[in-house]
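Trainee: To be precise about what I am sending: the file is called work-v4.pdb and holds PDB, N, CA, C and O atoms.
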ATOM      1  N   MET B 263      37.977  33.400 -54.673
ATOM      2  CA  MET B 263      38.258  32.142 -54.024
ATOM      3  C   MET B 263      37.389  32.034 -52.767
ATOM      4  O   MET B 263      37.335  32.940 -51.950
ATOM      5  N   VAL B 264      36.706  30.928 -52.647
ATOM      6  CA  VAL B 264      35.858  30.699 -51.487
ATOM      7  C   VAL B 264      36.679  30.001 -50.415
ATOM      8  O   VAL B 264      37.317  28.993 -50.660
ATOM      9  N   ASN B 265      36.640  30.594 -49.219
ATOM     10  CA  ASN B 265      37.308  29.967 -48.086
ATOM     11  C   ASN B 265      36.410  30.123 -46.858
ATOM     12  O   ASN B 265      35.338  30.710 -46.938
ATOM     13  N   GLU B 266      36.834  29.589 -45.756
ATOM     14  CA  GLU B 266      36.002  29.613 -44.551
ATOM     15  C   GLU B 266      35.703  31.033 -44.095
ATOM     16  O   GLU B 266      34.585  31.332 -43.658
ATOM     17  N   HIS B 267      36.660  31.927 -44.233
ATOM     18  CA  HIS B 267      36.459  33.325 -43.841
ATOM     19  C   HIS B 267      35.360  33.976 -44.696
ATOM     20  O   HIS B 267      34.504  34.686 -44.171
ATOM     21  N   SER B 268      35.371  33.703 -45.995
ATOM     22  CA  SER B 268      34.364  34.261 -46.898
ATOM     23  C   SER B 268      32.965  33.766 -46.537
ATOM     24  O   SER B 268      32.007  34.539 -46.502
ATOM     25  N   ILE B 269      32.867  32.489 -46.270
ATOM     26  CA  ILE B 269      31.575  31.907 -45.898
ATOM     27  C   ILE B 269      31.088  32.505 -44.588
ATOM     28  O   ILE B 269      29.905  32.836 -44.439
ATOM     29  N   THR B 270      31.984  32.685 -43.646
ATOM     30  CA  THR B 270      31.626  33.295 -42.365
ATOM     31  C   THR B 270      31.074  34.707 -42.561
ATOM     32  O   THR B 270      30.081  35.091 -41.943
ATOM     33  N   LYS B 271      31.695  35.478 -43.444
ATOM     34  CA  LYS B 271      31.238  36.847 -43.701
ATOM     35  C   LYS B 271      29.853  36.866 -44.333
ATOM     36  O   LYS B 271      29.018  37.711 -44.000
ATOM     37  N   VAL B 272      29.574  35.935 -45.231
ATOM     38  CA  VAL B 272      28.247  35.856 -45.847
ATOM     39  C   VAL B 272      27.202  35.498 -44.787
ATOM     40  O   VAL B 272      26.118  36.093 -44.736
ATOM     41  N   ILE B 273      27.518  34.565 -43.918
ATOM     42  CA  ILE B 273      26.594  34.179 -42.847
ATOM     43  C   ILE B 273      26.366  35.342 -41.891
ATOM     44  O   ILE B 273      25.231  35.613 -41.479
ATOM     45  N   GLN B 274      27.424  36.062 -41.555
ATOM     46  CA  GLN B 274      27.279  37.226 -40.674
ATOM     47  C   GLN B 274      26.392  38.290 -41.314
ATOM     48  O   GLN B 274      25.556  38.895 -40.638
ATOM     49  N   LEU B 275      26.552  38.519 -42.613
ATOM     50  CA  LEU B 275      25.706  39.495 -43.298
ATOM     51  C   LEU B 275      24.252  39.043 -43.291
ATOM     52  O   LEU B 275      23.353  39.842 -43.039
ATOM     53  N   TYR B 276      24.002  37.763 -43.528
ATOM     54  CA  TYR B 276      22.641  37.234 -43.485
ATOM     55  C   TYR B 276      22.017  37.437 -42.102
ATOM     56  O   TYR B 276      20.891  37.912 -41.982
ATOM     57  N   GLU B 277      22.760  37.091 -41.077
ATOM     58  CA  GLU B 277      22.246  37.245 -39.709
ATOM     59  C   GLU B 277      21.990  38.708 -39.368
ATOM     60  O   GLU B 277      21.014  39.030 -38.694
ATOM     61  N   THR B 278      22.848  39.589 -39.842
ATOM     62  CA  THR B 278      22.653  41.018 -39.598
ATOM     63  C   THR B 278      21.411  41.516 -40.329
ATOM     64  O   THR B 278      20.610  42.272 -39.774
ATOM     65  N   LYS B 279      21.241  41.102 -41.583
ATOM     66  CA  LYS B 279      20.084  41.538 -42.366
ATOM     67  C   LYS B 279      18.774  41.041 -41.775
ATOM     68  O   LYS B 279      17.748  41.702 -41.903
ATOM     69  N   THR B 280      18.776  39.872 -41.148
ATOM     70  CA  THR B 280      17.528  39.351 -40.598
ATOM     71  C   THR B 280      17.137  40.047 -39.298
ATOM     72  O   THR B 280      15.992  39.945 -38.872
ATOM     73  N   SER B 281      18.075  40.781 -38.704
ATOM     74  CA  SER B 281      17.754  41.448 -37.435
ATOM     75  C   SER B 281      17.769  42.974 -37.529
ATOM     76  O   SER B 281      17.476  43.640 -36.547
ATOM     77  N   ARG B 282      18.053  43.533 -38.698
ATOM     78  CA  ARG B 282      18.132  44.985 -38.863
ATOM     79  C   ARG B 282      17.300  45.432 -40.063
ATOM     80  O   ARG B 282      17.031  44.655 -40.965
ATOM     81  N   HIS B 283      16.937  46.716 -40.074
ATOM     82  CA  HIS B 283      16.193  47.269 -41.211
ATOM     83  C   HIS B 283      17.107  47.576 -42.385
ATOM     84  O   HIS B 283      16.711  47.492 -43.536
ATOM     85  N   SER B 284      18.310  47.984 -42.093
ATOM     86  CA  SER B 284      19.260  48.282 -43.167
ATOM     87  C   SER B 284      20.673  47.994 -42.684
ATOM     88  O   SER B 284      20.931  47.911 -41.490
ATOM     89  N   VAL B 285      21.561  47.845 -43.638
ATOM     90  CA  VAL B 285      22.949  47.521 -43.321
ATOM     91  C   VAL B 285      23.848  48.328 -44.237
ATOM     92  O   VAL B 285      23.554  48.490 -45.419
ATOM     93  N   MET B 286      24.926  48.836 -43.696
ATOM     94  CA  MET B 286      25.952  49.480 -44.500
ATOM     95  C   MET B 286      27.207  48.629 -44.387
ATOM     96  O   MET B 286      27.668  48.339 -43.284
ATOM     97  N   ILE B 287      27.731  48.217 -45.526
ATOM     98  CA  ILE B 287      28.932  47.392 -45.543
ATOM     99  C   ILE B 287      30.117  48.308 -45.801
ATOM    100  O   ILE B 287      30.164  48.989 -46.822
ATOM    101  N   VAL B 288      31.041  48.333 -44.872
ATOM    102  CA  VAL B 288      32.228  49.174 -45.015
ATOM    103  C   VAL B 288      33.476  48.314 -44.865
ATOM    104  O   VAL B 288      33.454  47.275 -44.227
ATOM    105  N   GLY B 289      34.550  48.771 -45.484
ATOM    106  CA  GLY B 289      35.803  48.046 -45.384
ATOM    107  C   GLY B 289      36.793  48.575 -46.390
ATOM    108  O   GLY B 289      36.460  49.392 -47.248
ATOM    109  N   GLY B 290      37.988  48.097 -46.283
ATOM    110  CA  GLY B 290      39.054  48.535 -47.168
ATOM    111  C   GLY B 290      38.871  48.048 -48.594
ATOM    112  O   GLY B 290      38.011  47.207 -48.891
ATOM    113  N   THR B 291      39.698  48.578 -49.466
ATOM    114  CA  THR B 291      39.698  48.171 -50.856
ATOM    115  C   THR B 291      40.001  46.679 -50.958
ATOM    116  O   THR B 291      40.857  46.160 -50.258
ATOM    117  N   GLN B 292      39.252  45.997 -51.806
ATOM    118  CA  GLN B 292      39.414  44.563 -52.065
ATOM    119  C   GLN B 292      39.230  43.705 -50.814
ATOM    120  O   GLN B 292      39.894  42.686 -50.637
ATOM    121  N   SER B 293      38.316  44.116 -49.944
ATOM    122  CA  SER B 293      38.043  43.321 -48.751
ATOM    123  C   SER B 293      36.785  42.462 -48.916
ATOM    124  O   SER B 293      36.227  41.997 -47.940
ATOM    125  N   ALA B 294      36.333  42.276 -50.158
ATOM    126  CA  ALA B 294      35.222  41.376 -50.517
ATOM    127  C   ALA B 294      33.851  41.891 -50.105
ATOM    128  O   ALA B 294      32.935  41.105 -49.895
ATOM    129  N   LYS B 295      33.671  43.194 -50.021
ATOM    130  CA  LYS B 295      32.361  43.759 -49.666
ATOM    131  C   LYS B 295      31.320  43.410 -50.727
ATOM    132  O   LYS B 295      30.268  42.865 -50.419
ATOM    133  N   THR B 296      31.630  43.727 -51.971
ATOM    134  CA  THR B 296      30.693  43.460 -53.065
ATOM    135  C   THR B 296      30.479  41.965 -53.255
ATOM    136  O   THR B 296      29.340  41.510 -53.424
ATOM    137  N   THR B 297      31.529  41.198 -53.195
ATOM    138  CA  THR B 297      31.420  39.752 -53.358
ATOM    139  C   THR B 297      30.532  39.148 -52.281
ATOM    140  O   THR B 297      29.695  38.277 -52.563
ATOM    141  N   THR B 298      30.659  39.619 -51.058
ATOM    142  CA  THR B 298      29.873  39.087 -49.945
ATOM    143  C   THR B 298      28.387  39.287 -50.177
ATOM    144  O   THR B 298      27.597  38.347 -50.067
ATOM    145  N   TRP B 299      27.972  40.514 -50.520
ATOM    146  CA  TRP B 299      26.526  40.708 -50.696
ATOM    147  C   TRP B 299      26.014  40.060 -51.969
ATOM    148  O   TRP B 299      24.877  39.612 -52.025
ATOM    149  N   ARG B 300      26.856  39.953 -52.997
ATOM    150  CA  ARG B 300      26.411  39.280 -54.224
ATOM    151  C   ARG B 300      26.238  37.780 -54.002
ATOM    152  O   ARG B 300      25.306  37.171 -54.538
ATOM    153  N   VAL B 301      27.127  37.178 -53.222
ATOM    154  CA  VAL B 301      26.984  35.754 -52.899
ATOM    155  C   VAL B 301      25.719  35.532 -52.079
ATOM    156  O   VAL B 301      24.950  34.600 -52.341
ATOM    157  N   LEU B 302      25.471  36.396 -51.104
ATOM    158  CA  LEU B 302      24.246  36.274 -50.302
ATOM    159  C   LEU B 302      23.014  36.465 -51.179
ATOM    160  O   LEU B 302      22.051  35.698 -51.074
ATOM    161  N   GLN B 303      23.036  37.445 -52.059
ATOM    162  CA  GLN B 303      21.912  37.684 -52.959
ATOM    163  C   GLN B 303      21.646  36.448 -53.829
ATOM    164  O   GLN B 303      20.511  35.988 -53.941
ATOM    165  N   GLY B 304      22.683  35.901 -54.431
ATOM    166  CA  GLY B 304      22.527  34.729 -55.282
ATOM    167  C   GLY B 304      22.042  33.509 -54.516
ATOM    168  O   GLY B 304      21.187  32.758 -55.005
ATOM    169  N   SER B 305      22.541  33.346 -53.315
ATOM    170  CA  SER B 305      22.128  32.206 -52.484
ATOM    171  C   SER B 305      20.667  32.302 -52.089
ATOM    172  O   SER B 305      19.918  31.324 -52.185
ATOM    173  N   MET B 306      20.260  33.487 -51.655
ATOM    174  CA  MET B 306      18.862  33.683 -51.241
ATOM    175  C   MET B 306      17.909  33.492 -52.423
ATOM    176  O   MET B 306      16.854  32.864 -52.289
ATOM    177  N   THR B 307      18.287  34.017 -53.580
ATOM    178  CA  THR B 307      17.443  33.883 -54.762
ATOM    179  C   THR B 307      17.362  32.427 -55.206
ATOM    180  O   THR B 307      16.287  31.931 -55.554
ATOM    181  N   ALA B 308      18.483  31.712 -55.170
ATOM    182  CA  ALA B 308      18.482  30.298 -55.540
ATOM    183  C   ALA B 308      17.630  29.470 -54.567
ATOM    184  O   ALA B 308      16.874  28.587 -54.996
ATOM    185  N   LEU B 309      17.734  29.757 -53.283
ATOM    186  CA  LEU B 309      16.927  29.041 -52.292
ATOM    187  C   LEU B 309      15.442  29.350 -52.455
ATOM    188  O   LEU B 309      14.583  28.496 -52.224
ATOM    189  N   ASN B 310      15.121  30.560 -52.897
ATOM    190  CA  ASN B 310      13.733  30.926 -53.137
ATOM    191  C   ASN B 310      13.151  30.148 -54.319
ATOM    192  O   ASN B 310      11.969  29.826 -54.331
ATOM    193  N   LYS B 311      13.974  29.835 -55.300
ATOM    194  CA  LYS B 311      13.507  29.110 -56.487
ATOM    195  C   LYS B 311      13.316  27.621 -56.221
ATOM    196  O   LYS B 311      12.620  26.940 -56.968
ATOM    197  N   ASN B 312      13.911  27.111 -55.146
ATOM    198  CA  ASN B 312      13.772  25.703 -54.779
ATOM    199  C   ASN B 312      12.422  25.523 -54.084
ATOM    200  O   ASN B 312      12.147  26.166 -53.072
ATOM    201  N   PRO B 313      11.564  24.643 -54.594
ATOM    202  CA  PRO B 313      10.239  24.461 -53.981
ATOM    203  C   PRO B 313      10.282  24.078 -52.503
ATOM    204  O   PRO B 313       9.391  24.424 -51.744
ATOM    205  N   GLU B 314      11.330  23.369 -52.090
ATOM    206  CA  GLU B 314      11.416  22.935 -50.692
ATOM    207  C   GLU B 314      11.753  24.078 -49.736
ATOM    208  O   GLU B 314      11.433  24.009 -48.549
ATOM    209  N   THR B 315      12.417  25.122 -50.233
ATOM    210  CA  THR B 315      12.845  26.215 -49.355
ATOM    211  C   THR B 315      12.262  27.567 -49.737
ATOM    212  O   THR B 315      12.562  28.572 -49.102
ATOM    213  N   SER B 316      11.415  27.613 -50.748
ATOM    214  CA  SER B 316      10.912  28.898 -51.243
ATOM    215  C   SER B 316      10.067  29.647 -50.216
ATOM    216  O   SER B 316      10.013  30.872 -50.243
ATOM    217  N   SER B 317       9.430  28.935 -49.298
ATOM    218  CA  SER B 317       8.608  29.628 -48.296
ATOM    219  C   SER B 317       9.460  30.247 -47.188
ATOM    220  O   SER B 317       8.982  31.102 -46.448
ATOM    221  N   VAL B 318      10.707  29.850 -47.088
ATOM    222  CA  VAL B 318      11.582  30.348 -46.027
ATOM    223  C   VAL B 318      12.442  31.513 -46.501
ATOM    224  O   VAL B 318      12.687  32.457 -45.752
ATOM    225  N   TYR B 319      12.886  31.468 -47.757
ATOM    226  CA  TYR B 319      13.828  32.469 -48.273
ATOM    227  C   TYR B 319      13.180  33.324 -49.349
ATOM    228  O   TYR B 319      12.473  32.811 -50.211
ATOM    229  N   GLN B 320      13.436  34.616 -49.301
ATOM    230  CA  GLN B 320      12.917  35.543 -50.298
ATOM    231  C   GLN B 320      13.959  35.805 -51.372
ATOM    232  O   GLN B 320      15.154  35.862 -51.086
ATOM    233  N   ALA B 321      13.490  35.992 -52.601
ATOM    234  CA  ALA B 321      14.391  36.416 -53.670
ATOM    235  C   ALA B 321      14.861  37.827 -53.347
ATOM    236  O   ALA B 321      14.114  38.642 -52.805
ATOM    237  N   VAL B 322      16.106  38.125 -53.645
ATOM    238  CA  VAL B 322      16.694  39.422 -53.289
ATOM    239  C   VAL B 322      16.911  40.244 -54.545
ATOM    240  O   VAL B 322      17.492  39.781 -55.516
ATOM    241  N   LYS B 323      16.401  41.474 -54.502
ATOM    242  CA  LYS B 323      16.634  42.428 -55.580
ATOM    243  C   LYS B 323      17.518  43.530 -55.033
ATOM    244  O   LYS B 323      17.335  43.987 -53.908
ATOM    245  N   VAL B 324      18.475  43.953 -55.824
ATOM    246  CA  VAL B 324      19.410  44.978 -55.380
ATOM    247  C   VAL B 324      18.779  46.347 -55.561
ATOM    248  O   VAL B 324      18.272  46.673 -56.631
ATOM    249  N   GLY B 325      18.832  47.133 -54.490
ATOM    250  CA  GLY B 325      18.361  48.516 -54.539
ATOM    251  C   GLY B 325      19.488  49.430 -54.913
ATOM    252  O   GLY B 325      20.428  49.050 -55.614
ATOM    253  N   ASN B 326      19.445  50.636 -54.413
ATOM    254  CA  ASN B 326      20.485  51.610 -54.698
ATOM    255  C   ASN B 326      21.729  51.331 -53.870
ATOM    256  O   ASN B 326      21.651  51.141 -52.669
ATOM    257  N   CYS B 327      22.856  51.314 -54.525
ATOM    258  CA  CYS B 327      24.142  51.173 -53.854
ATOM    259  C   CYS B 327      24.924  52.428 -54.123
ATOM    260  O   CYS B 327      25.147  52.803 -55.269
ATOM    261  N   TYR B 328      25.285  53.100 -53.084
ATOM    262  CA  TYR B 328      25.963  54.385 -53.221
ATOM    263  C   TYR B 328      27.427  54.300 -52.822
ATOM    264  O   TYR B 328      27.771  53.640 -51.860
ATOM    265  N   SER B 329      28.230  55.011 -53.546
ATOM    266  CA  SER B 329      29.616  55.159 -53.175
ATOM    267  C   SER B 329      29.701  56.198 -52.076
ATOM    268  O   SER B 329      29.031  57.231 -52.132
ATOM    269  N   THR B 330      30.526  55.946 -51.075
ATOM    270  CA  THR B 330      30.667  56.930 -50.000
ATOM    271  C   THR B 330      31.243  58.223 -50.510
ATOM    272  O   THR B 330      31.029  59.285 -49.930
ATOM    273  N   LYS B 331      31.947  58.189 -51.611
ATOM    274  CA  LYS B 331      32.488  59.416 -52.196
ATOM    275  C   LYS B 331      31.379  60.316 -52.700
ATOM    276  O   LYS B 331      31.514  61.540 -52.693
ATOM    277  N   VAL B 332      30.273  59.732 -53.104
ATOM    278  CA  VAL B 332      29.131  60.507 -53.570
ATOM    279  C   VAL B 332      28.411  61.160 -52.401
ATOM    280  O   VAL B 332      27.885  62.265 -52.493
ATOM    281  N   LEU B 333      28.382  60.494 -51.264
ATOM    282  CA  LEU B 333      27.629  60.977 -50.116
ATOM    283  C   LEU B 333      28.348  62.052 -49.316
ATOM    284  O   LEU B 333      27.727  62.752 -48.543
ATOM    285  N   THR B 334      29.649  62.181 -49.468
ATOM    286  CA  THR B 334      30.391  63.157 -48.675
ATOM    287  C   THR B 334      30.627  64.433 -49.426
ATOM    288  O   THR B 334      30.478  64.545 -50.593
TER     289      THR B 334
END
Mind turning this structure into structure tokens?
Mentor:
Amino acid sequence: MVNEHSITKVIQLYETKTSRHSVMIVGGTQSAKTTTWRVLQGSMTALNKNPETSSVYQAVKVGNCYSTKVLT
């Protein structure tokens, strides 16, 4: 379900990604971590395909996503 809080989190992730080299998303179970980055990925890729905005936004490809259980 999309609500104002969800949109705010996607915008915050975008702003963080534009000012940092990497980002780690942490949070409790079912706190929309995966949904947030997938929505941002889809939005950026869709904006890249639009001729009017393609020069501003890059298509996003997902790299390695690790479970913290694997890293500890």
Trainee: Counting only C-alpha atoms, which residues of region 286-327 of chain B fall within 12 Å of region 263-268 of chain B, and what is the closest atom pair for each with its distance in Å at one decimal, ordered by chain and rising number, as a tab-separated table?
Mentor:
residue	atom	partner	partner_atom	distance
B:Ser293	CA	B:Ser268	CA	10.0
B:Ala294	CA	B:Ser268	CA	8.0
B:Lys295	CA	B:Ser268	CA	10.1
B:Thr296	CA	B:Ser268	CA	11.7
B:Thr297	CA	B:Ser268	CA	9.0
B:Thr298	CA	B:Ser268	CA	7.3
B:Trp299	CA	B:Ser268	CA	10.8
B:Arg300	CA	B:Ser268	CA	11.9
B:Val301	CA	B:Ser268	CA	9.6
B:Leu302	CA	B:Ser268	CA	10.9
Trainee: Return the single residue from B:Thr270, B:Val322, B:Thr291, B:Thr280 that is closest to Gln303 (chain B), with distances computed using only C-alpha atoms.
Mentor: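 For Gln303 (chain B), the nearest of the candidates is B:Val322.
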Trainee: Mind the document's chain letters and residue numbers, and return as number ranges by chain the residues of region 274-334 of chain B that DSSP labels alpha helix (DSSP H).
Mentor: B: 274-281, 295-311, 330-333
Trainee: For region 290-309 of chain B, I'd like the enclosing box, axis-aligned and padded by 3 Å on every side, reported as JSON with centre and edge lengths in Å to one decimal.
Mentor:
{"center_x": 27.7, "center_y": 38.5, "center_z": -50.9, "size_x": 32.3, "size_y": 26.1, "size_z": 15.3}
Trainee: If you measure from atom C of Met286 (chain B) to atom C of Ser316 (chain B), what distance in Å do you get, rounded to one decimal?
Mentor: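 We find that atom C of Met286 (chain B) and atom C of Ser316 (chain B) lie 26.2 Å from each other.
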Trainee: Separation of CA of Val285 (chain B) and atom N of Met306 (chain B), in Å?
Mentor: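 Calculated distance between CA of Val285 (chain B) and atom N of Met306 (chain B) is 16.5 Å.
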Trainee: Where atoms are missing, can you supply all heavy atoms for region 309-320 of chain B and output the lot as an mmCIF file, in the frame of the given file?
Mentor:
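See selection_5.cif below for the written result:
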data_model
loop_
_atom_site.group_PDB
_atom_site.id
_atom_site.type_symbol
_atom_site.label_atom_id
_atom_site.label_comp_id
_atom_site.auth_asym_id
_atom_site.auth_seq_id
_atom_site.Cartn_x
_atom_site.Cartn_y
_atom_site.Cartn_z
ATOM 1 N N LEU B 309 17.734 29.757 -53.283
ATOM 2 C CA LEU B 309 16.927 29.041 -52.292
ATOM 3 C C LEU B 309 15.442 29.350 -52.455
ATOM 4 O O LEU B 309 14.583 28.496 -52.224
ATOM 5 C CB LEU B 309 17.385 29.389 -50.877
ATOM 6 C CG LEU B 309 18.713 28.759 -50.466
ATOM 7 C CD1 LEU B 309 19.248 29.425 -49.200
ATOM 8 C CD2 LEU B 309 18.566 27.266 -50.271
ATOM 9 N N ASN B 310 15.121 30.560 -52.897
ATOM 10 C CA ASN B 310 13.733 30.926 -53.137
ATOM 11 C C ASN B 310 13.151 30.148 -54.319
ATOM 12 O O ASN B 310 11.969 29.826 -54.331
ATOM 13 C CB ASN B 310 13.610 32.428 -53.387
ATOM 14 C CG ASN B 310 12.195 32.836 -53.712
ATOM 15 O OD1 ASN B 310 11.860 33.000 -54.886
ATOM 16 N ND2 ASN B 310 11.388 32.986 -52.686
ATOM 17 N N LYS B 311 13.974 29.835 -55.300
ATOM 18 C CA LYS B 311 13.507 29.110 -56.487
ATOM 19 C C LYS B 311 13.316 27.621 -56.221
ATOM 20 O O LYS B 311 12.620 26.940 -56.968
ATOM 21 C CB LYS B 311 14.489 29.304 -57.641
ATOM 22 C CG LYS B 311 14.462 30.720 -58.176
ATOM 23 C CD LYS B 311 15.450 30.889 -59.301
ATOM 24 C CE LYS B 311 15.437 32.337 -59.800
ATOM 25 N NZ LYS B 311 16.401 32.547 -60.879
ATOM 26 N N ASN B 312 13.911 27.111 -55.146
ATOM 27 C CA ASN B 312 13.772 25.703 -54.779
ATOM 28 C C ASN B 312 12.422 25.523 -54.084
ATOM 29 O O ASN B 312 12.147 26.166 -53.072
ATOM 30 C CB ASN B 312 14.919 25.302 -53.851
ATOM 31 C CG ASN B 312 14.876 23.846 -53.462
ATOM 32 O OD1 ASN B 312 13.849 23.189 -53.496
ATOM 33 N ND2 ASN B 312 16.026 23.332 -53.078
ATOM 34 N N PRO B 313 11.564 24.643 -54.594
ATOM 35 C CA PRO B 313 10.239 24.461 -53.981
ATOM 36 C C PRO B 313 10.282 24.078 -52.503
ATOM 37 O O PRO B 313 9.391 24.424 -51.744
ATOM 38 C CB PRO B 313 9.604 23.343 -54.811
ATOM 39 C CG PRO B 313 10.358 23.323 -56.087
ATOM 40 C CD PRO B 313 11.741 23.809 -55.775
ATOM 41 N N GLU B 314 11.330 23.369 -52.090
ATOM 42 C CA GLU B 314 11.416 22.935 -50.692
ATOM 43 C C GLU B 314 11.753 24.078 -49.736
ATOM 44 O O GLU B 314 11.433 24.009 -48.549
ATOM 45 C CB GLU B 314 12.469 21.835 -50.552
ATOM 46 C CG GLU B 314 12.100 20.556 -51.279
ATOM 47 C CD GLU B 314 13.189 19.512 -51.185
ATOM 48 O OE1 GLU B 314 14.150 19.691 -50.409
ATOM 49 O OE2 GLU B 314 13.081 18.503 -51.906
ATOM 50 N N THR B 315 12.417 25.122 -50.233
ATOM 51 C CA THR B 315 12.845 26.215 -49.355
ATOM 52 C C THR B 315 12.262 27.567 -49.737
ATOM 53 O O THR B 315 12.562 28.572 -49.102
ATOM 54 C CB THR B 315 14.383 26.327 -49.363
ATOM 55 O OG1 THR B 315 14.832 26.520 -50.705
ATOM 56 C CG2 THR B 315 15.036 25.099 -48.766
ATOM 57 N N SER B 316 11.415 27.613 -50.748
ATOM 58 C CA SER B 316 10.912 28.898 -51.243
ATOM 59 C C SER B 316 10.067 29.647 -50.216
ATOM 60 O O SER B 316 10.013 30.872 -50.243
ATOM 61 C CB SER B 316 10.109 28.706 -52.524
ATOM 62 O OG SER B 316 8.976 27.909 -52.275
ATOM 63 N N SER B 317 9.430 28.935 -49.298
ATOM 64 C CA SER B 317 8.608 29.628 -48.296
ATOM 65 C C SER B 317 9.460 30.247 -47.188
ATOM 66 O O SER B 317 8.982 31.102 -46.448
ATOM 67 C CB SER B 317 7.596 28.661 -47.687
ATOM 68 O OG SER B 317 8.264 27.625 -46.999
ATOM 69 N N VAL B 318 10.707 29.850 -47.088
ATOM 70 C CA VAL B 318 11.582 30.348 -46.027
ATOM 71 C C VAL B 318 12.442 31.513 -46.501
ATOM 72 O O VAL B 318 12.687 32.457 -45.752
ATOM 73 C CB VAL B 318 12.494 29.205 -45.507
ATOM 74 C CG1 VAL B 318 13.425 29.709 -44.419
ATOM 75 C CG2 VAL B 318 11.659 28.042 -45.002
ATOM 76 N N TYR B 319 12.886 31.468 -47.757
ATOM 77 C CA TYR B 319 13.828 32.469 -48.273
ATOM 78 C C TYR B 319 13.180 33.324 -49.349
ATOM 79 O O TYR B 319 12.473 32.811 -50.211
ATOM 80 C CB TYR B 319 15.073 31.782 -48.841
ATOM 81 C CG TYR B 319 15.837 31.012 -47.796
ATOM 82 C CD1 TYR B 319 15.662 29.644 -47.643
ATOM 83 C CD2 TYR B 319 16.712 31.663 -46.939
ATOM 84 C CE1 TYR B 319 16.352 28.939 -46.676
ATOM 85 C CE2 TYR B 319 17.404 30.963 -45.970
ATOM 86 C CZ TYR B 319 17.221 29.608 -45.849
ATOM 87 O OH TYR B 319 17.900 28.919 -44.887
ATOM 88 N N GLN B 320 13.436 34.616 -49.301
ATOM 89 C CA GLN B 320 12.917 35.543 -50.298
ATOM 90 C C GLN B 320 13.959 35.805 -51.372
ATOM 91 O O GLN B 320 15.154 35.862 -51.086
ATOM 92 C CB GLN B 320 12.558 36.879 -49.651
ATOM 93 C CG GLN B 320 11.447 36.781 -48.645
ATOM 94 C CD GLN B 320 11.165 38.135 -48.017
ATOM 95 O OE1 GLN B 320 11.959 39.050 -48.088
ATOM 96 N NE2 GLN B 320 10.006 38.249 -47.397
#
